[in-house]
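Asks: What follows is coords-v8.cif, made up of mmCIF, C-alpha atoms:
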```
data_start
loop_
_atom_site.label_atom_id
_atom_site.label_comp_id
_atom_site.auth_asym_id
_atom_site.auth_seq_id
_atom_site.Cartn_x
_atom_site.Cartn_y
_atom_site.Cartn_z
CA MET A 568 -3.10 -7.71 29.60
CA LYS A 569 -6.79 -7.02 29.97
CA LYS A 570 -9.73 -8.53 28.15
CA GLY A 571 -10.88 -6.90 24.93
CA TYR A 572 -13.21 -7.53 22.03
CA LEU A 573 -13.15 -7.40 18.25
CA VAL A 574 -16.69 -6.67 17.08
CA LEU A 575 -17.59 -7.16 13.41
CA ALA A 576 -20.20 -5.12 11.56
CA ASP A 577 -22.29 -8.27 11.06
CA GLY A 578 -22.56 -8.65 14.84
CA GLN A 579 -19.99 -11.41 15.41
CA ILE A 580 -17.83 -10.91 18.51
CA PHE A 581 -14.33 -12.25 19.20
CA GLN A 582 -12.85 -12.06 22.68
CA GLY A 583 -9.12 -11.56 23.11
CA LEU A 584 -6.51 -9.61 25.02
CA ARG A 585 -5.70 -5.94 24.55
CA PHE A 586 -2.17 -4.67 23.88
CA GLY A 587 -0.70 -1.47 22.50
CA GLY A 588 -2.75 1.72 22.74
CA GLU A 589 -5.57 1.88 25.27
CA SER A 590 -8.07 3.66 23.03
CA GLY A 591 -10.75 1.92 21.02
CA ALA A 592 -10.89 1.95 17.23
CA VAL A 593 -13.30 1.57 14.34
CA GLY A 594 -11.97 0.74 10.88
CA GLU A 595 -12.25 -1.47 7.83
CA LEU A 596 -10.94 -4.93 8.79
CA VAL A 597 -8.53 -6.40 6.22
CA PHE A 598 -6.07 -9.26 6.34
CA THR A 599 -2.52 -9.56 5.04
CA THR A 600 -0.75 -12.87 4.50
CA GLY A 601 2.92 -11.92 4.82
CA MET A 602 5.00 -14.23 7.02
CA CYS A 603 7.45 -11.38 7.66
CA GLY A 604 7.48 -7.65 7.07
CA TYR A 605 5.03 -6.63 9.81
CA VAL A 606 7.14 -3.50 10.43
CA GLU A 607 6.70 -2.45 6.80
CA THR A 608 2.99 -3.29 7.00
CA LEU A 609 2.42 -1.15 10.09
CA THR A 610 4.23 1.82 8.52
CA ASP A 611 2.67 1.54 5.04
CA PRO A 612 0.40 4.61 4.59
CA SER A 613 -1.82 2.56 2.25
CA TYR A 614 -3.42 0.99 5.35
CA ALA A 615 -4.86 4.32 6.53
CA GLY A 616 -8.39 3.92 7.88
CA GLN A 617 -8.07 0.15 8.28
CA ILE A 618 -7.73 -2.39 11.08
CA VAL A 619 -5.02 -4.76 9.90
CA MET A 620 -5.06 -8.46 10.73
CA GLN A 621 -2.01 -10.67 10.22
CA THR A 622 -2.79 -14.22 9.10
CA TYR A 623 0.68 -15.40 10.18
CA PRO A 624 0.20 -16.55 13.80
CA LEU A 625 3.27 -15.08 15.55
CA ILE A 626 4.00 -11.36 15.16
CA GLY A 627 6.71 -9.28 16.83
CA ASN A 628 9.39 -11.95 17.21
CA TYR A 629 12.13 -9.81 15.63
CA GLY A 630 10.93 -6.60 17.21
CA VAL A 631 10.56 -3.17 15.63
CA ILE A 632 13.35 -1.92 13.35
CA PRO A 633 13.14 1.84 12.65
CA GLU A 634 15.42 1.57 9.59
CA ASP A 635 12.70 -0.50 7.92
CA PHE A 636 9.87 2.01 8.39
CA GLU A 637 8.08 2.84 5.12
CA GLY A 638 6.41 5.96 6.50
CA MET A 639 4.20 7.01 9.38
CA CYS A 640 1.87 4.48 11.01
CA HIS A 641 -1.72 5.21 9.94
CA VAL A 642 -3.47 1.93 10.77
CA LYS A 643 -6.56 2.22 12.97
CA GLY A 644 -5.90 -1.01 14.86
CA TYR A 645 -3.94 -4.26 14.79
CA VAL A 646 -5.11 -7.87 15.17
CA VAL A 647 -2.77 -10.86 15.69
CA ARG A 648 -3.04 -14.43 16.96
CA GLU A 649 -0.01 -14.13 19.22
CA GLN A 650 2.22 -11.14 19.85
CA CYS A 651 5.78 -11.68 21.01
CA GLY A 652 6.74 -9.62 24.05
CA HIS A 653 10.44 -10.57 24.02
CA PRO A 654 11.83 -10.08 20.50
CA SER A 655 15.28 -11.25 19.43
CA ASN A 656 17.16 -9.77 16.49
CA PHE A 657 20.49 -7.95 16.17
CA ARG A 658 18.68 -5.03 14.46
CA CYS A 659 15.85 -4.83 16.98
CA GLY A 660 15.15 -1.28 18.18
CA GLY A 661 12.08 -1.93 20.31
CA ASP A 662 9.10 -4.20 20.79
CA LEU A 663 5.71 -4.26 19.11
CA GLU A 664 3.78 -3.43 22.30
CA SER A 665 5.75 -0.22 22.85
CA PHE A 666 5.54 0.77 19.18
CA LEU A 667 1.74 0.63 19.22
CA LYS A 668 1.42 2.19 22.67
CA GLU A 669 3.58 5.19 21.71
CA ARG A 670 1.23 5.85 18.78
CA ASN A 671 -1.96 5.06 20.72
CA ILE A 672 -2.89 2.35 18.22
CA PRO A 673 -4.99 -0.38 19.85
CA GLY A 674 -4.11 -4.02 19.29
CA ILE A 675 -5.85 -7.26 20.17
CA CYS A 676 -4.31 -10.72 20.35
CA GLY A 677 -5.49 -14.19 21.31
CA VAL A 678 -8.28 -14.19 18.71
CA ASP A 679 -8.84 -16.86 16.07
CA THR A 680 -7.31 -15.14 13.04
CA ARG A 681 -7.91 -18.23 10.87
CA GLN A 682 -11.65 -18.01 11.47
CA LEU A 683 -11.62 -14.24 10.96
CA THR A 684 -9.84 -14.72 7.63
CA ARG A 685 -12.47 -17.24 6.52
CA ILE A 686 -15.22 -14.77 7.40
CA ILE A 687 -13.63 -12.00 5.34
CA ARG A 688 -12.95 -14.31 2.39
CA GLU A 689 -16.59 -15.41 2.37
CA SER A 690 -18.32 -12.13 3.25
CA GLY A 691 -15.77 -9.59 2.01
CA VAL A 692 -13.99 -6.88 3.97
CA MET A 693 -16.18 -5.36 6.65
CA ASN A 694 -15.97 -2.76 9.37
CA ALA A 695 -14.83 -3.81 12.82
CA MET A 696 -14.26 -2.33 16.26
CA ILE A 697 -11.63 -2.96 18.94
CA CYS A 698 -13.10 -2.18 22.36
CA ASP A 699 -13.08 -3.04 26.07
CA GLU A 700 -16.85 -3.50 26.27
CA VAL A 701 -19.23 -4.57 23.52
CA PRO A 702 -21.58 -1.64 22.81
CA ALA A 703 -25.33 -2.20 22.69
CA ASP A 704 -25.60 -0.13 19.49
CA ILE A 705 -23.15 -0.81 16.65
CA SER A 706 -24.83 1.42 14.04
CA ALA A 707 -21.77 3.74 14.01
CA LEU A 708 -19.66 0.71 13.16
CA ARG A 709 -21.83 -0.14 10.16
CA ASP A 710 -21.79 3.49 8.96
CA TYR A 711 -17.99 3.89 9.00
CA ALA A 712 -16.28 4.53 5.66
CA VAL A 713 -12.65 5.07 4.68
CA THR A 714 -12.65 8.58 3.20
CA GLY A 715 -10.24 11.50 2.85
CA VAL A 716 -7.23 9.30 3.55
CA VAL A 717 -4.91 10.49 0.76
CA ARG A 718 -5.17 14.00 2.15
CA ALA A 719 -4.41 12.61 5.63
CA VAL A 720 -1.21 10.76 4.68
CA THR A 721 0.46 12.96 2.06
CA CYS A 722 3.41 15.23 2.85
CA GLY A 723 2.89 18.91 3.66
CA THR A 724 5.44 20.61 1.41
CA PRO A 725 7.76 19.58 -1.45
CA THR A 726 10.99 17.92 -0.33
CA VAL A 727 14.11 17.14 -2.36
CA PHE A 728 16.10 13.92 -1.88
CA PRO A 729 19.52 13.88 -3.59
CA ALA A 730 20.65 11.09 -5.87
CA GLU A 731 23.08 8.51 -4.57
CA GLY A 732 26.28 9.11 -6.48
CA GLU A 733 26.14 11.06 -9.72
CA ARG A 734 22.84 12.83 -10.46
CA ARG A 735 21.52 11.50 -13.77
CA PHE A 736 17.83 12.42 -13.67
CA HIS A 737 15.30 14.51 -11.80
CA VAL A 738 12.08 12.67 -10.85
CA ALA A 739 8.94 14.34 -9.51
CA LEU A 740 7.16 11.97 -7.11
CA LEU A 741 3.53 12.70 -6.32
CA ASP A 742 2.96 11.51 -2.77
CA TYR A 743 -0.44 9.86 -2.30
CA GLY A 744 0.97 7.89 0.64
CA ALA A 745 4.38 7.02 -0.78
CA LYS A 746 6.51 4.27 0.75
CA ASN A 747 10.07 5.31 1.53
CA ASN A 748 11.59 2.57 -0.56
CA ILE A 749 10.16 4.07 -3.77
CA ILE A 750 12.37 7.07 -3.11
CA GLN A 751 15.33 4.85 -2.28
CA GLU A 752 15.00 2.74 -5.46
CA LEU A 753 15.05 5.92 -7.54
CA ARG A 754 17.97 7.44 -5.65
CA ARG A 755 20.02 4.27 -6.10
CA ARG A 756 19.62 4.71 -9.85
CA GLY A 757 21.02 8.22 -9.86
CA CYS A 758 17.72 10.09 -9.57
CA GLU A 759 17.24 13.26 -7.59
CA VAL A 760 13.69 12.99 -6.26
CA THR A 761 11.38 15.91 -5.50
CA VAL A 762 8.41 14.68 -3.46
CA PHE A 763 5.25 16.74 -4.01
CA PRO A 764 2.10 16.69 -1.85
CA ALA A 765 -0.98 15.07 -3.36
CA ASP A 766 -2.64 18.46 -3.95
CA ALA A 767 0.21 19.74 -6.16
CA SER A 768 -0.91 20.99 -9.56
CA ALA A 769 0.43 19.54 -12.79
CA GLU A 770 1.81 22.98 -13.63
CA SER A 771 3.85 23.21 -10.41
CA VAL A 772 5.28 19.75 -11.07
CA LEU A 773 6.22 20.55 -14.67
CA ASP A 774 7.75 23.87 -13.62
CA THR A 775 10.56 21.92 -11.93
CA LYS A 776 11.41 20.39 -15.35
CA PRO A 777 11.43 16.74 -14.26
CA ASP A 778 12.84 14.04 -16.50
CA GLY A 779 10.05 11.76 -15.29
CA VAL A 780 7.03 11.66 -12.99
CA MET A 781 6.36 8.95 -10.41
CA LEU A 782 2.87 8.34 -9.00
CA SER A 783 2.97 6.63 -5.62
CA ASN A 784 0.88 4.10 -3.78
CA GLY A 785 -1.74 5.27 -1.32
CA PRO A 786 -4.94 4.40 0.56
CA GLY A 787 -8.65 4.49 -0.12
CA ASP A 788 -11.02 4.56 -3.08
CA PRO A 789 -9.16 5.87 -6.15
CA ALA A 790 -12.33 7.41 -7.65
CA GLU A 791 -12.55 9.75 -4.64
CA ASN A 792 -9.48 11.69 -5.81
CA GLY A 793 -10.96 13.85 -8.55
CA PHE A 794 -8.35 16.63 -8.35
CA GLN A 795 -5.46 14.20 -8.60
CA ILE A 796 -7.03 12.47 -11.60
CA GLU A 797 -7.34 15.81 -13.43
CA GLN A 798 -3.65 16.59 -12.78
CA ILE A 799 -2.57 13.22 -14.15
CA LYS A 800 -4.54 13.96 -17.33
CA LYS A 801 -2.36 17.04 -17.78
CA LEU A 802 0.85 15.10 -17.10
CA LEU A 803 0.22 12.16 -19.43
CA GLY A 804 2.27 12.49 -22.59
CA ARG A 805 4.37 15.38 -21.29
CA VAL A 806 7.13 13.34 -19.57
CA PRO A 807 7.74 9.63 -18.92
CA LEU A 808 5.44 8.43 -16.15
CA PHE A 809 5.49 5.42 -13.83
CA GLY A 810 2.65 4.65 -11.39
CA ILE A 811 2.47 2.13 -8.54
CA CYS A 812 -0.67 0.80 -6.82
CA LEU A 813 -2.95 3.85 -6.27
CA GLY A 814 -0.88 5.63 -8.93
CA HIS A 815 -1.79 2.77 -11.31
CA GLN A 816 -5.49 3.15 -10.52
CA LEU A 817 -5.53 6.94 -10.80
CA THR A 818 -3.75 6.79 -14.17
CA ALA A 819 -6.38 4.38 -15.49
CA LEU A 820 -9.13 6.74 -14.33
CA ALA A 821 -7.33 9.67 -15.96
CA ALA A 822 -7.20 7.64 -19.20
CA GLY A 823 -10.96 7.13 -19.16
CA GLY A 824 -11.06 3.74 -17.45
CA ARG A 825 -12.92 2.39 -14.43
CA THR A 826 -11.97 0.93 -11.06
CA TYR A 827 -13.97 -1.34 -8.75
CA LYS A 828 -13.71 -2.68 -5.21
CA LEU A 829 -12.47 -6.23 -4.71
CA LYS A 830 -14.24 -8.59 -2.32
CA TYR A 831 -11.31 -8.82 0.09
CA GLY A 832 -8.39 -7.34 -1.85
CA HIS A 833 -4.83 -8.52 -2.38
CA ARG A 834 -2.60 -8.01 0.66
CA GLY A 835 0.54 -10.05 1.14
CA VAL A 836 3.94 -10.88 -0.30
CA ASN A 837 3.14 -13.91 -2.44
CA GLN A 838 0.76 -12.75 -5.17
CA PRO A 839 1.63 -14.37 -8.55
CA VAL A 840 1.54 -12.01 -11.53
CA ARG A 841 1.82 -13.08 -15.19
CA ASP A 842 3.70 -10.95 -17.71
CA LEU A 843 1.30 -10.91 -20.66
CA GLY A 844 4.10 -9.88 -23.01
CA GLY A 845 6.32 -12.85 -22.17
CA VAL A 846 6.40 -16.19 -20.39
CA ARG A 847 7.34 -15.14 -16.85
CA THR A 848 5.26 -15.25 -13.70
CA TYR A 849 6.56 -13.05 -10.88
CA ILE A 850 5.89 -13.28 -7.15
CA THR A 851 4.88 -9.85 -5.91
CA SER A 852 4.04 -7.86 -2.81
CA GLN A 853 0.59 -6.25 -2.89
CA ASN A 854 -1.67 -4.11 -0.74
CA HIS A 855 -4.85 -2.91 -2.38
CA GLY A 856 -8.62 -3.24 -2.14
CA TYR A 857 -9.51 -1.82 -5.56
CA ALA A 858 -8.62 -2.93 -9.09
CA VAL A 859 -8.60 -1.48 -12.59
CA ASP A 860 -11.04 -2.77 -15.19
CA GLY A 861 -8.43 -3.31 -17.90
CA ASP A 862 -10.99 -3.56 -20.72
CA SER A 863 -12.30 -0.08 -19.87
CA VAL A 864 -8.97 1.65 -20.62
CA LYS A 865 -9.12 2.17 -24.38
CA ILE A 866 -5.85 4.07 -24.83
CA GLY A 867 -3.73 1.51 -22.94
CA ARG A 868 -3.11 -2.22 -22.89
CA VAL A 869 -3.01 -4.64 -19.96
CA SER A 870 0.59 -5.72 -19.34
CA PHE A 871 0.30 -7.91 -16.23
CA ALA A 872 -2.51 -10.07 -14.82
CA ASN A 873 -3.00 -11.73 -11.46
CA ALA A 874 -2.49 -15.48 -11.90
CA ASN A 875 -5.04 -16.28 -9.17
CA ASP A 876 -8.07 -14.26 -10.25
CA GLY A 877 -7.10 -12.68 -13.59
CA THR A 878 -7.44 -9.08 -12.38
CA CYS A 879 -5.45 -6.32 -14.06
CA GLU A 880 -1.99 -5.89 -12.50
CA GLY A 881 -0.42 -3.45 -14.94
CA MET A 882 -1.09 -1.12 -17.87
CA ASP A 883 1.12 0.18 -20.66
CA TYR A 884 0.41 3.46 -22.48
CA PRO A 885 2.95 3.38 -25.35
CA ASP A 886 1.72 6.56 -27.05
CA LEU A 887 2.02 8.45 -23.75
CA GLN A 888 5.40 7.07 -22.56
CA ALA A 889 3.71 5.80 -19.41
CA PHE A 890 3.28 2.50 -17.61
CA THR A 891 1.78 1.47 -14.28
CA VAL A 892 1.59 -1.59 -12.05
CA GLN A 893 -0.77 -2.62 -9.27
CA PHE A 894 1.88 -4.49 -7.25
CA HIS A 895 4.93 -3.15 -5.40
CA PRO A 896 8.27 -3.50 -7.24
CA GLU A 897 9.96 -1.61 -4.38
CA ALA A 898 8.85 -4.20 -1.80
CA ARG A 899 10.65 -4.50 1.51
CA GLY A 900 11.19 -7.09 2.94
CA GLY A 901 10.54 -8.64 -0.49
CA PRO A 902 10.04 -10.26 -2.89
CA GLN A 903 12.24 -8.26 -5.24
CA ASP A 904 11.39 -10.03 -8.51
CA THR A 905 10.06 -6.89 -10.21
CA ALA A 906 12.58 -4.23 -9.14
CA PHE A 907 13.65 -4.16 -12.81
CA LEU A 908 10.63 -1.93 -13.47
CA PHE A 909 12.57 1.00 -11.99
CA ASP A 910 15.26 0.30 -14.59
CA ARG A 911 12.54 0.38 -17.24
CA PHE A 912 11.49 3.81 -15.98
CA VAL A 913 15.10 5.01 -16.15
CA ASP A 914 15.34 3.73 -19.73
CA LEU A 915 12.24 5.74 -20.62
CA MET A 916 13.83 8.88 -19.16
CA LYS A 917 16.90 8.16 -21.31
CA GLY A 918 14.65 8.30 -24.36
CA GLY A 919 14.15 4.56 -24.82
CA ASP A 920 11.05 2.92 -26.29
CA MET A 921 8.27 1.29 -24.29
#
```
What would you get if you wrote out this structure as structure tokens?

Replies:
Amino acid sequence: MKKGYLVLADGQIFQGLRFGGESGAVGELVFTTGMCGYVETLTDPSYAGQIVMQTYPLIGNYGVIPEDFEGMCHVKGYVVREQCGHPSNFRCGGDLESFLKERNIPGICGVDTRQLTRIIRESGVMNAMICDEVPADISALRDYAVTGVVRAVTCGTPTVFPAEGERRFHVALLDYGAKNNIIQELRRRGCEVTVFPADASAESVLDTKPDGVMLSNGPGDPAENGFQIEQIKKLLGRVPLFGICLGHQLTALAAGGRTYKLKYGHRGVNQPVRDLGGVRTYITSQNHGYAVDGDSVKIGRVSFANANDGTCEGMDYPDLQAFTVQFHPEARGGPQDTAFLFDRFVDLMKGGDM
């Protein structure tokens, strides 16, 4: 291992050791608090344009398991306290070092991730650079912005995934950076899933006569996706609709609401969410840097709220047969408290009430 540096946009420098890809990287530095699931994190397209830091101190101990991939790896870089070079797990298909090296994604270890997390919590997410030598001029680092990432991570052409067992419904999934397990949760419930690229028109989706439309998760600023927002406007009220994460945010924008950037976002597997229509609090997996202003959505009602900071975690649109959530009910490797929301979507496609 050779010496490397993590340089923050505010000028702070952390020395560590390089691993993975040999290139440098500039990205938005974010942290995630999951104690497991680093394979799913690295392959979650929602991290496109970002350097991901794990707060859990030991990463890579059970290796890399291809069966758990959620998609392609789009992270710009990876920051850990300690990376394990000799993983042990009966499902292990490789090690973290090789995974990153094969994809030319730079990593840095041996840095104080606790201190870095404190900095981000106090100052908010900021740009950072992984490099071998600290540059004299970091103006390019300060100017970096995460843009055009939905276009970068979406699929190229429509693809059909058959239902497991008897086909009961046909679901059109708009891929803004969809995680594989969204498709799997639908297939397990008897849904044939047609995955459409993010630039698909509402007309082309409706031409396939879906029983329901699914809006996926994805990266970046939701307000940047003007075309997608216009298509959702055309889809609302036509067929039952379920949106997750970015799909939740885009639906709110299509319904006339607003979104805003959080100071450091919600990224981890232990976010508590209150059901405002009942008495339950669920533990959820989340990965987002933007939130919906629930009060700004006049044609919907807030259904879930974050128990830590009160932010909007879900919206219901009863008159439009649509509902959305900010968290991930399809989460792998968990928690699975809210997987019932896929059953709710199926009930809507059956003709049930909201």

Asks: Find the residues near Gly652 (chain A): any atom within 8 Å, counting all atoms listed in the file, skip ones fewer than 4 places away on the same chain, and give them as an MDAnalysis selection string.

Replies: chainID A and resid 627:628 662:664

Asks: Could you state the separation of CA of Arg648 (chain A) and CA of Pro633 (chain A) in Å, given to one decimal place?

Replies: 23.3 Å

Asks: Output the residue selection produced by the PyMOL selection byres ((chain A and resi 868) around 7) on the file above, formatted as a PyMOL selection string.

Replies: chain A and resi 867+869-870+882-884

Asks: Using C-alpha atoms, can you export the residues from the last selection as a tab-separated table (two decimals), in the coordinates of the input?

Replies:
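Written file, result_15.tsv:
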```tsv
chain	number	residue	atom	x	y	z
A	867	GLY	CA	-3.73	1.51	-22.94
A	869	VAL	CA	-3.01	-4.64	-19.96
A	870	SER	CA	0.59	-5.72	-19.34
A	882	MET	CA	-1.09	-1.12	-17.87
A	883	ASP	CA	1.12	0.18	-20.66
A	884	TYR	CA	0.41	3.46	-22.48
```

Asks: Tell me, in Å to one decimal, how far CA of Gly744 (chain A) is from CA of Gly723 (chain A).

Replies: 11.6 Å

Asks: One decimal, in Å: what's the spacing between CA of Ile850 (chain A) and CA of Ala889 (chain A)?

Replies: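 Answer for the CA of Ile850 (chain A) to CA of Ala889 (chain A) separation: 22.8 Å.
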
Asks: Sort by chain and increasing residue number a table of all residues of region 811-860 of chain A within 9 Å of region 590-599 of chain A, each with its closest pair of atoms and their distance in Å to one decimal, counting only C-alpha atoms, and write it as a tab-separated table.

Replies:
```
residue	atom	partner	partner_atom	distance
A:Tyr831	CA	A:Val597	CA	7.2
A:Gly832	CA	A:Val597	CA	8.1
A:His833	CA	A:Thr599	CA	7.8
A:Arg834	CA	A:Thr599	CA	4.6
A:Gly835	CA	A:Thr599	CA	5.0
A:Val836	CA	A:Thr599	CA	8.5
A:Asn854	CA	A:Thr599	CA	8.0
A:Gly856	CA	A:Val597	CA	8.9
```

Asks: Determine, counting all atoms listed in the file, which protein, DNA and RNA residues have an atom within 10 Å of an atom of Arg735 (chain A); residues of the same chain fewer than 3 positions away are not included. Present the result as an mmCIF file with C-alpha atoms, in the coordinates of the input.

Replies:
```
data_model
loop_
_atom_site.group_PDB
_atom_site.id
_atom_site.type_symbol
_atom_site.label_atom_id
_atom_site.label_comp_id
_atom_site.auth_asym_id
_atom_site.auth_seq_id
_atom_site.Cartn_x
_atom_site.Cartn_y
_atom_site.Cartn_z
ATOM 1 C CA ALA A 730 20.650 11.090 -5.870
ATOM 2 C CA GLU A 731 23.080 8.510 -4.570
ATOM 3 C CA GLY A 732 26.280 9.110 -6.480
ATOM 4 C CA VAL A 738 12.080 12.670 -10.850
ATOM 5 C CA ARG A 754 17.970 7.440 -5.650
ATOM 6 C CA ARG A 756 19.620 4.710 -9.850
ATOM 7 C CA GLY A 757 21.020 8.220 -9.860
ATOM 8 C CA CYS A 758 17.720 10.090 -9.570
ATOM 9 C CA GLU A 759 17.240 13.260 -7.590
ATOM 10 C CA ASP A 778 12.840 14.040 -16.500
ATOM 11 C CA VAL A 913 15.100 5.010 -16.150
ATOM 12 C CA MET A 916 13.830 8.880 -19.160
ATOM 13 C CA LYS A 917 16.900 8.160 -21.310
#
```

Asks: Evaluate the PyMOL selection byres ((chain A and resi 839-846) around 7) and record the selected residues as number ranges by chain, following the chain and residue labels used in the document.

Replies: A: 837-838, 847-851, 870-875

Asks: Tell me, counting all atoms listed in the file, for each residue of region 602-669 of chain A within 12 Å of region 693-697 of chain A, which pair of atoms is nearest and how far apart they are in Å to one decimal, in rows ordered by chain and increasing number, as a Markdown table.

Replies:
```
| residue | atom | partner | partner_atom | distance |
| --- | --- | --- | --- | --- |
| A:Gly616 | CA | A:Asn694 | CA | 10.2 |
| A:Gln617 | CA | A:Asn694 | CA | 8.5 |
| A:Ile618 | CA | A:Ala695 | CA | 7.4 |
| A:Val619 | CA | A:Ala695 | CA | 10.3 |
| A:Met620 | CA | A:Ala695 | CA | 11.0 |
| A:Lys643 | CA | A:Ile697 | CA | 9.4 |
| A:Gly644 | CA | A:Ile697 | CA | 7.3 |
| A:Tyr645 | CA | A:Ile697 | CA | 8.8 |
| A:Val646 | CA | A:Ile697 | CA | 9.0 |
```

Asks: Between A:Gln888, A:Thr905, A:Gln582, A:Asn792, which residue has the minimum interatomic distance to Val701 (chain A), considering all atoms listed in the file?

Replies: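 Using all atoms listed in the file, Val701 (chain A) sits closest to A:Gln582.
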
Asks: Pick from A:Ile750, A:Ile799, A:Ala790, A:Leu908: nearest to Ser768 (chain A), with all atoms listed in the file counted?

Replies: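 Checking each of A:Ile750, A:Ile799, A:Ala790, A:Leu908 against Ser768 (chain A), counting all atoms listed in the file, the winner is A:Ile799.
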
Asks: Choose the residue, out of A:Phe912, A:Phe907, A:Tyr743, A:Phe657, that has the smallest atom-to-atom separation from Val806 (chain A); count all atoms listed in the file.

Replies: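 For Val806 (chain A), the nearest of the given residues is A:Phe912.
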
Asks: If you count all atoms listed in the file, which residues fall within 12 Å of Asp862 (chain A), apart from same-chain ones fewer than 3 positions away, as a ChimeraX atom specification?

Replies: /A:819,822-826,858-859,865-870,878-879,882

Asks: Can you translate the PyMOL selection byres ((chain A and resi 775) around 10) into the concrete residues it hits in this file, as a list in words?

Replies: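 Applied to this file, the PyMOL selection byres ((chain A and resi 775) around 10) selects His737, Val738, Ala739, Thr761, Glu770, Ser771, Val772, Leu773, Asp774, Lys776, Pro777 and Asp778 of chain A.
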
Asks: Where's the centre, and what are the edge lengths in Å to one decimal, of a box along x, y and z enclosing all listed atoms of region 791-795 of chain A padded 6 Å per side, as lines of an AutoDock Vina configuration file?

Replies:
```
center_x = -9.0
center_y = 13.2
center_z = -6.6
size_x = 19.1
size_y = 18.9
size_z = 16.0
```

Asks: Show me, as a list of chain:residue names, the residues that have an atom within 10 Å of Met568 (chain A) when counting all atoms listed in the file, minus same-chain residues fewer than 5 positions from it.

Replies: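 Near Met568 (chain A), the qualifying residues are A:Gly583, A:Leu584, A:Arg585, A:Phe586, A:Gly587, A:Ile675, A:Cys676.
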
Asks: Given the choices A:Val647, A:Asp920, A:Gly810, A:Tyr614, which gets closest to Leu740 (chain A) if the distance is worked out from only C-alpha atoms?

Replies: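 Smallest distance to Leu740 (chain A) is found for A:Gly810.
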